[in-house]
Amino acid sequence: MQKEITYRAVQSFCGHPSADDIYKVISKEHSTISKATVYRNLASLAEEGRIGKVISVDGGETHYDHRVDKHHHAYCIKCGHVADVAVSYSKEPEIVAEPMEDGFMLTYHELIFEGICSKCREKEKENDYGTEGIKN
């Protein structure tokens, strides 16, 4: 039951919430579910393939995804926001599907673009021009 509550919480987000974001939503209605339980359930749901898991490129927070289809993500280097990227997903990237020189066999890939999200770009613009539109 707690795992299903966690699953429904992830599905309620349009974006890519962190475990803390998901815990905050759950704890409002289910105060007896601990943060550790939510973390365990998220790991289990991701392992089962019922939710997606987006690992931060800078070692920051892991984000979760209600989408389980293969797709790419963009990561804001300023605030850590994660967004879906509307480019087609290639099942087989331009790599040879044979073991690499050291014997390493690739079985999966994920492409994460880095950039600056619209909110952070807007903040930068405000900092450059101030609130009256005059360049600082």
# chains A, B, ... in the order shown; residues from 1 in each chain; ligands from 1
$ residues_around --residues "Glu29 (chain A)" --least-positions-apart "5" --cutoff "12 Å" --atoms "only C-alpha atoms" --output "PyMOL selection string"
chain A and resi 2+5-6+9+22-24
$ select_by_dssp --residues "region 48-124 of chain A" --states "strand (DSSP E)" --output "PyMOL selection string"
chain A and resi 52-54+63-65+72-76+82-85+112-115
$ write_last_selection --atoms "all heavy atoms" --output "short mmCIF file (atom, residue, chain, number, x, y, z; two decimals), in the first residue's frame"
data_model
loop_
_atom_site.label_atom_id
_atom_site.label_comp_id
_atom_site.auth_asym_id
_atom_site.auth_seq_id
_atom_site.Cartn_x
_atom_site.Cartn_y
_atom_site.Cartn_z
N GLY A 52 10.55 6.43 -13.89
CA GLY A 52 11.89 6.71 -14.39
C GLY A 52 12.74 7.35 -13.31
O GLY A 52 12.24 7.92 -12.34
N LYS A 53 14.03 7.26 -13.49
CA LYS A 53 14.99 7.83 -12.53
C LYS A 53 15.99 8.63 -13.33
O LYS A 53 16.60 8.12 -14.28
CB LYS A 53 15.68 6.69 -11.78
CG LYS A 53 16.61 7.11 -10.69
CD LYS A 53 17.12 5.86 -9.97
CE LYS A 53 18.05 6.21 -8.84
NZ LYS A 53 18.53 5.00 -8.17
N VAL A 54 16.16 9.91 -12.98
CA VAL A 54 17.09 10.78 -13.67
C VAL A 54 18.18 11.16 -12.68
O VAL A 54 17.92 11.87 -11.70
CB VAL A 54 16.39 12.06 -14.20
CG1 VAL A 54 17.38 12.91 -14.98
CG2 VAL A 54 15.18 11.71 -15.04
N HIS A 63 16.29 12.79 -9.54
CA HIS A 63 14.91 13.17 -9.82
C HIS A 63 14.18 11.95 -10.36
O HIS A 63 14.80 11.03 -10.90
CB HIS A 63 14.87 14.32 -10.83
CG HIS A 63 15.43 15.59 -10.29
ND1 HIS A 63 14.65 16.59 -9.79
CD2 HIS A 63 16.71 16.00 -10.14
CE1 HIS A 63 15.42 17.58 -9.37
NE2 HIS A 63 16.68 17.24 -9.57
N TYR A 64 12.86 11.97 -10.24
CA TYR A 64 12.05 10.84 -10.70
C TYR A 64 11.09 11.31 -11.78
O TYR A 64 10.76 12.49 -11.87
CB TYR A 64 11.32 10.20 -9.51
CG TYR A 64 12.33 9.58 -8.56
CD1 TYR A 64 12.89 10.32 -7.52
CD2 TYR A 64 12.78 8.29 -8.76
CE1 TYR A 64 13.85 9.77 -6.70
CE2 TYR A 64 13.75 7.74 -7.94
CZ TYR A 64 14.27 8.48 -6.90
OH TYR A 64 15.24 7.94 -6.11
N ASP A 65 10.68 10.38 -12.59
CA ASP A 65 9.91 10.70 -13.78
C ASP A 65 8.69 9.80 -13.87
O ASP A 65 8.82 8.57 -13.72
CB ASP A 65 10.81 10.50 -15.01
CG ASP A 65 10.32 11.20 -16.25
OD1 ASP A 65 9.11 11.51 -16.34
OD2 ASP A 65 11.14 11.42 -17.15
N HIS A 72 15.01 11.80 -23.62
CA HIS A 72 16.18 12.52 -23.12
C HIS A 72 15.75 13.65 -22.19
O HIS A 72 14.58 14.03 -22.15
CB HIS A 72 16.98 13.09 -24.30
CG HIS A 72 17.46 12.05 -25.25
ND1 HIS A 72 18.27 11.01 -24.88
CD2 HIS A 72 17.21 11.87 -26.58
CE1 HIS A 72 18.53 10.24 -25.93
NE2 HIS A 72 17.89 10.75 -26.96
N HIS A 73 16.72 14.17 -21.46
CA HIS A 73 16.45 15.22 -20.48
C HIS A 73 17.43 16.38 -20.63
O HIS A 73 18.54 16.21 -21.12
CB HIS A 73 16.57 14.66 -19.05
CG HIS A 73 15.54 13.65 -18.74
ND1 HIS A 73 15.78 12.28 -18.83
CD2 HIS A 73 14.25 13.78 -18.37
CE1 HIS A 73 14.67 11.64 -18.52
NE2 HIS A 73 13.72 12.52 -18.24
N ALA A 74 16.99 17.54 -20.15
CA ALA A 74 17.84 18.72 -20.04
C ALA A 74 17.97 19.04 -18.56
O ALA A 74 17.00 18.92 -17.80
CB ALA A 74 17.22 19.90 -20.79
N TYR A 75 19.16 19.46 -18.16
CA TYR A 75 19.47 19.74 -16.77
C TYR A 75 19.95 21.19 -16.66
O TYR A 75 20.89 21.58 -17.38
CB TYR A 75 20.56 18.76 -16.31
CG TYR A 75 21.10 19.03 -14.94
CD1 TYR A 75 20.39 18.64 -13.81
CD2 TYR A 75 22.32 19.67 -14.77
CE1 TYR A 75 20.88 18.89 -12.55
CE2 TYR A 75 22.82 19.91 -13.50
CZ TYR A 75 22.10 19.52 -12.40
OH TYR A 75 22.58 19.76 -11.15
N CYS A 76 19.32 21.98 -15.80
CA CYS A 76 19.73 23.37 -15.61
C CYS A 76 20.97 23.41 -14.71
O CYS A 76 20.93 22.92 -13.58
CB CYS A 76 18.60 24.21 -15.00
SG CYS A 76 19.09 25.92 -14.71
N VAL A 82 15.10 19.75 -14.00
CA VAL A 82 15.18 18.74 -15.05
C VAL A 82 13.93 18.83 -15.92
O VAL A 82 12.82 18.96 -15.40
CB VAL A 82 15.29 17.31 -14.45
CG1 VAL A 82 15.31 16.26 -15.55
CG2 VAL A 82 16.53 17.20 -13.58
N ALA A 83 14.11 18.78 -17.24
CA ALA A 83 12.99 18.85 -18.17
C ALA A 83 13.17 17.81 -19.27
O ALA A 83 14.30 17.40 -19.57
CB ALA A 83 12.90 20.24 -18.79
N ASP A 84 12.06 17.37 -19.84
CA ASP A 84 12.12 16.47 -20.99
C ASP A 84 12.57 17.24 -22.22
O ASP A 84 12.27 18.43 -22.37
CB ASP A 84 10.74 15.86 -21.27
CG ASP A 84 10.29 14.93 -20.16
OD1 ASP A 84 11.16 14.35 -19.48
OD2 ASP A 84 9.07 14.78 -19.97
N VAL A 85 13.30 16.58 -23.09
CA VAL A 85 13.76 17.18 -24.34
C VAL A 85 12.99 16.54 -25.48
O VAL A 85 12.92 15.32 -25.57
CB VAL A 85 15.28 16.98 -24.53
CG1 VAL A 85 15.74 17.51 -25.88
CG2 VAL A 85 16.05 17.64 -23.41
N ILE A 112 21.81 13.45 -21.49
CA ILE A 112 21.34 14.56 -20.68
C ILE A 112 22.00 15.83 -21.22
O ILE A 112 23.22 15.95 -21.23
CB ILE A 112 21.66 14.38 -19.19
CG1 ILE A 112 20.98 13.12 -18.65
CG2 ILE A 112 21.24 15.61 -18.39
CD1 ILE A 112 21.29 12.80 -17.20
N PHE A 113 21.15 16.76 -21.67
CA PHE A 113 21.64 18.04 -22.14
C PHE A 113 21.79 18.96 -20.94
O PHE A 113 21.03 18.88 -19.99
CB PHE A 113 20.65 18.65 -23.14
CG PHE A 113 20.47 17.84 -24.39
CD1 PHE A 113 19.49 16.87 -24.47
CD2 PHE A 113 21.29 18.06 -25.48
CE1 PHE A 113 19.32 16.12 -25.62
CE2 PHE A 113 21.12 17.32 -26.65
CZ PHE A 113 20.14 16.34 -26.71
N GLU A 114 22.76 19.86 -21.00
CA GLU A 114 22.94 20.85 -19.95
C GLU A 114 22.68 22.23 -20.52
O GLU A 114 22.95 22.49 -21.68
CB GLU A 114 24.37 20.81 -19.40
CG GLU A 114 24.68 19.60 -18.58
CD GLU A 114 26.07 19.67 -17.96
OE1 GLU A 114 26.80 20.66 -18.20
OE2 GLU A 114 26.43 18.75 -17.24
N GLY A 115 22.12 23.10 -19.68
CA GLY A 115 21.86 24.46 -20.11
C GLY A 115 21.31 25.26 -18.95
O GLY A 115 21.48 24.90 -17.78
#
$ select_by_dssp --residues "region 11-124 of chain A" --states "helix (DSSP H, G or I)" --output "NGL selection string"
:A and (11 or 19-29 or 35-48 or 118-124)
$ closest_residue --among "A:Ser44, A:Ser34, A:Ser18, A:Ser27" --to "Lys3 (chain A)" --atoms "only C-alpha atoms"
A:Ser44
$ closest_residue --among "A:Glu4, A:His81, A:Asp102, A:Arg40" --to "Ile116 (chain A)" --atoms "only C-alpha atoms"
A:His81
$ atom_distance --atom1 "CA of Val25 (chain A)" --atom2 "CA of Lys119 (chain A)"
22.9 Å
$ atom_distance --atom1 "CA of Val68 (chain A)" --atom2 "CA of Met1 (chain A)"
21.1 Å
$ closest_residue --among "A:Asp128, A:Glu110, A:Glu101, A:Asp21" --to "Thr62 (chain A)" --atoms "only C-alpha atoms"
A:Asp21
$ decode --residues "region 116-127 of chain A" --atoms "all heavy atoms" --output "mmCIF file, in the first residue's frame"
data_model
loop_
_atom_site.group_PDB
_atom_site.id
_atom_site.type_symbol
_atom_site.label_atom_id
_atom_site.label_comp_id
_atom_site.auth_asym_id
_atom_site.auth_seq_id
_atom_site.Cartn_x
_atom_site.Cartn_y
_atom_site.Cartn_z
ATOM 1 N N ILE A 116 20.612 26.348 -19.286
ATOM 2 C CA ILE A 116 20.021 27.212 -18.272
ATOM 3 C C ILE A 116 18.529 27.302 -18.549
ATOM 4 O O ILE A 116 18.114 27.668 -19.653
ATOM 5 C CB ILE A 116 20.678 28.604 -18.284
ATOM 6 C CG1 ILE A 116 22.193 28.470 -18.051
ATOM 7 C CG2 ILE A 116 20.050 29.514 -17.229
ATOM 8 C CD1 ILE A 116 22.975 29.743 -18.239
ATOM 9 N N CYS A 117 17.711 26.960 -17.548
ATOM 10 C CA CYS A 117 16.259 26.941 -17.711
ATOM 11 C C CYS A 117 15.703 28.361 -17.869
ATOM 12 O O CYS A 117 16.389 29.346 -17.580
ATOM 13 C CB CYS A 117 15.590 26.214 -16.551
ATOM 14 S SG CYS A 117 15.607 27.120 -14.982
ATOM 15 N N SER A 118 14.451 28.455 -18.289
ATOM 16 C CA SER A 118 13.835 29.759 -18.545
ATOM 17 C C SER A 118 13.748 30.619 -17.284
ATOM 18 O O SER A 118 13.941 31.834 -17.344
ATOM 19 C CB SER A 118 12.453 29.588 -19.177
ATOM 20 O OG SER A 118 11.612 28.848 -18.322
ATOM 21 N N LYS A 119 13.468 30.013 -16.135
ATOM 22 C CA LYS A 119 13.380 30.793 -14.891
ATOM 23 C C LYS A 119 14.736 31.405 -14.534
ATOM 24 O O LYS A 119 14.816 32.568 -14.141
ATOM 25 C CB LYS A 119 12.866 29.924 -13.745
ATOM 26 C CG LYS A 119 11.401 29.595 -13.833
ATOM 27 C CD LYS A 119 10.941 28.773 -12.647
ATOM 28 C CE LYS A 119 9.476 28.419 -12.783
ATOM 29 N NZ LYS A 119 9.008 27.579 -11.679
ATOM 30 N N CYS A 120 15.795 30.627 -14.664
ATOM 31 C CA CYS A 120 17.129 31.141 -14.342
ATOM 32 C C CYS A 120 17.569 32.183 -15.370
ATOM 33 O O CYS A 120 18.217 33.168 -15.010
ATOM 34 C CB CYS A 120 18.149 30.003 -14.260
ATOM 35 S SG CYS A 120 17.924 28.963 -12.791
ATOM 36 N N ARG A 121 17.221 31.983 -16.634
ATOM 37 C CA ARG A 121 17.546 32.980 -17.660
ATOM 38 C C ARG A 121 16.830 34.289 -17.369
ATOM 39 O O ARG A 121 17.395 35.373 -17.526
ATOM 40 C CB ARG A 121 17.191 32.464 -19.054
ATOM 41 C CG ARG A 121 18.164 31.417 -19.551
ATOM 42 C CD ARG A 121 18.071 31.040 -21.022
ATOM 43 N NE ARG A 121 17.086 31.697 -21.823
ATOM 44 C CZ ARG A 121 15.919 31.154 -22.216
ATOM 45 N NH1 ARG A 121 15.605 29.924 -21.849
ATOM 46 N NH2 ARG A 121 15.098 31.824 -22.987
ATOM 47 N N GLU A 122 15.571 34.187 -16.911
ATOM 48 C CA GLU A 122 14.802 35.386 -16.573
ATOM 49 C C GLU A 122 15.442 36.102 -15.381
ATOM 50 O O GLU A 122 15.554 37.328 -15.375
ATOM 51 C CB GLU A 122 13.345 35.011 -16.268
ATOM 52 C CG GLU A 122 12.425 36.185 -16.159
ATOM 53 C CD GLU A 122 12.332 37.023 -17.425
ATOM 54 O OE1 GLU A 122 12.356 36.465 -18.541
ATOM 55 O OE2 GLU A 122 12.243 38.263 -17.297
ATOM 56 N N LYS A 123 15.882 35.342 -14.372
ATOM 57 C CA LYS A 123 16.557 35.946 -13.219
ATOM 58 C C LYS A 123 17.838 36.652 -13.647
ATOM 59 O O LYS A 123 18.143 37.740 -13.168
ATOM 60 C CB LYS A 123 16.887 34.879 -12.171
ATOM 61 C CG LYS A 123 15.714 34.415 -11.357
ATOM 62 C CD LYS A 123 16.164 33.371 -10.354
ATOM 63 C CE LYS A 123 14.977 32.716 -9.681
ATOM 64 N NZ LYS A 123 15.386 31.616 -8.807
ATOM 65 N N GLU A 124 18.598 36.011 -14.552
ATOM 66 C CA GLU A 124 19.823 36.630 -15.053
ATOM 67 C C GLU A 124 19.517 37.934 -15.779
ATOM 68 O O GLU A 124 20.232 38.918 -15.637
ATOM 69 C CB GLU A 124 20.572 35.675 -15.980
ATOM 70 C CG GLU A 124 21.277 34.561 -15.264
ATOM 71 C CD GLU A 124 22.033 33.636 -16.191
ATOM 72 O OE1 GLU A 124 21.830 33.689 -17.430
ATOM 73 O OE2 GLU A 124 22.838 32.843 -15.679
ATOM 74 N N LYS A 125 18.446 37.926 -16.563
ATOM 75 C CA LYS A 125 18.048 39.129 -17.295
ATOM 76 C C LYS A 125 17.691 40.241 -16.309
ATOM 77 O O LYS A 125 18.081 41.387 -16.485
ATOM 78 C CB LYS A 125 16.862 38.834 -18.212
ATOM 79 C CG LYS A 125 16.576 39.977 -19.177
ATOM 80 C CD LYS A 125 15.297 39.813 -19.969
ATOM 81 C CE LYS A 125 15.138 38.500 -20.672
ATOM 82 N NZ LYS A 125 13.890 38.421 -21.448
ATOM 83 N N GLU A 126 16.947 39.913 -15.244
ATOM 84 C CA GLU A 126 16.583 40.900 -14.231
ATOM 85 C C GLU A 126 17.831 41.442 -13.541
ATOM 86 O O GLU A 126 17.922 42.640 -13.258
ATOM 87 C CB GLU A 126 15.642 40.299 -13.195
ATOM 88 C CG GLU A 126 14.243 40.068 -13.712
ATOM 89 C CD GLU A 126 13.365 39.329 -12.714
ATOM 90 O OE1 GLU A 126 13.777 39.150 -11.546
ATOM 91 O OE2 GLU A 126 12.263 38.928 -13.107
ATOM 92 N N ASN A 127 18.807 40.566 -13.274
ATOM 93 C CA ASN A 127 20.045 41.008 -12.634
ATOM 94 C C ASN A 127 20.845 41.922 -13.553
ATOM 95 O O ASN A 127 21.483 42.865 -13.091
ATOM 96 C CB ASN A 127 20.902 39.811 -12.199
ATOM 97 C CG ASN A 127 20.294 39.075 -11.029
ATOM 98 O OD1 ASN A 127 19.479 39.622 -10.304
ATOM 99 N ND2 ASN A 127 20.683 37.832 -10.847
#
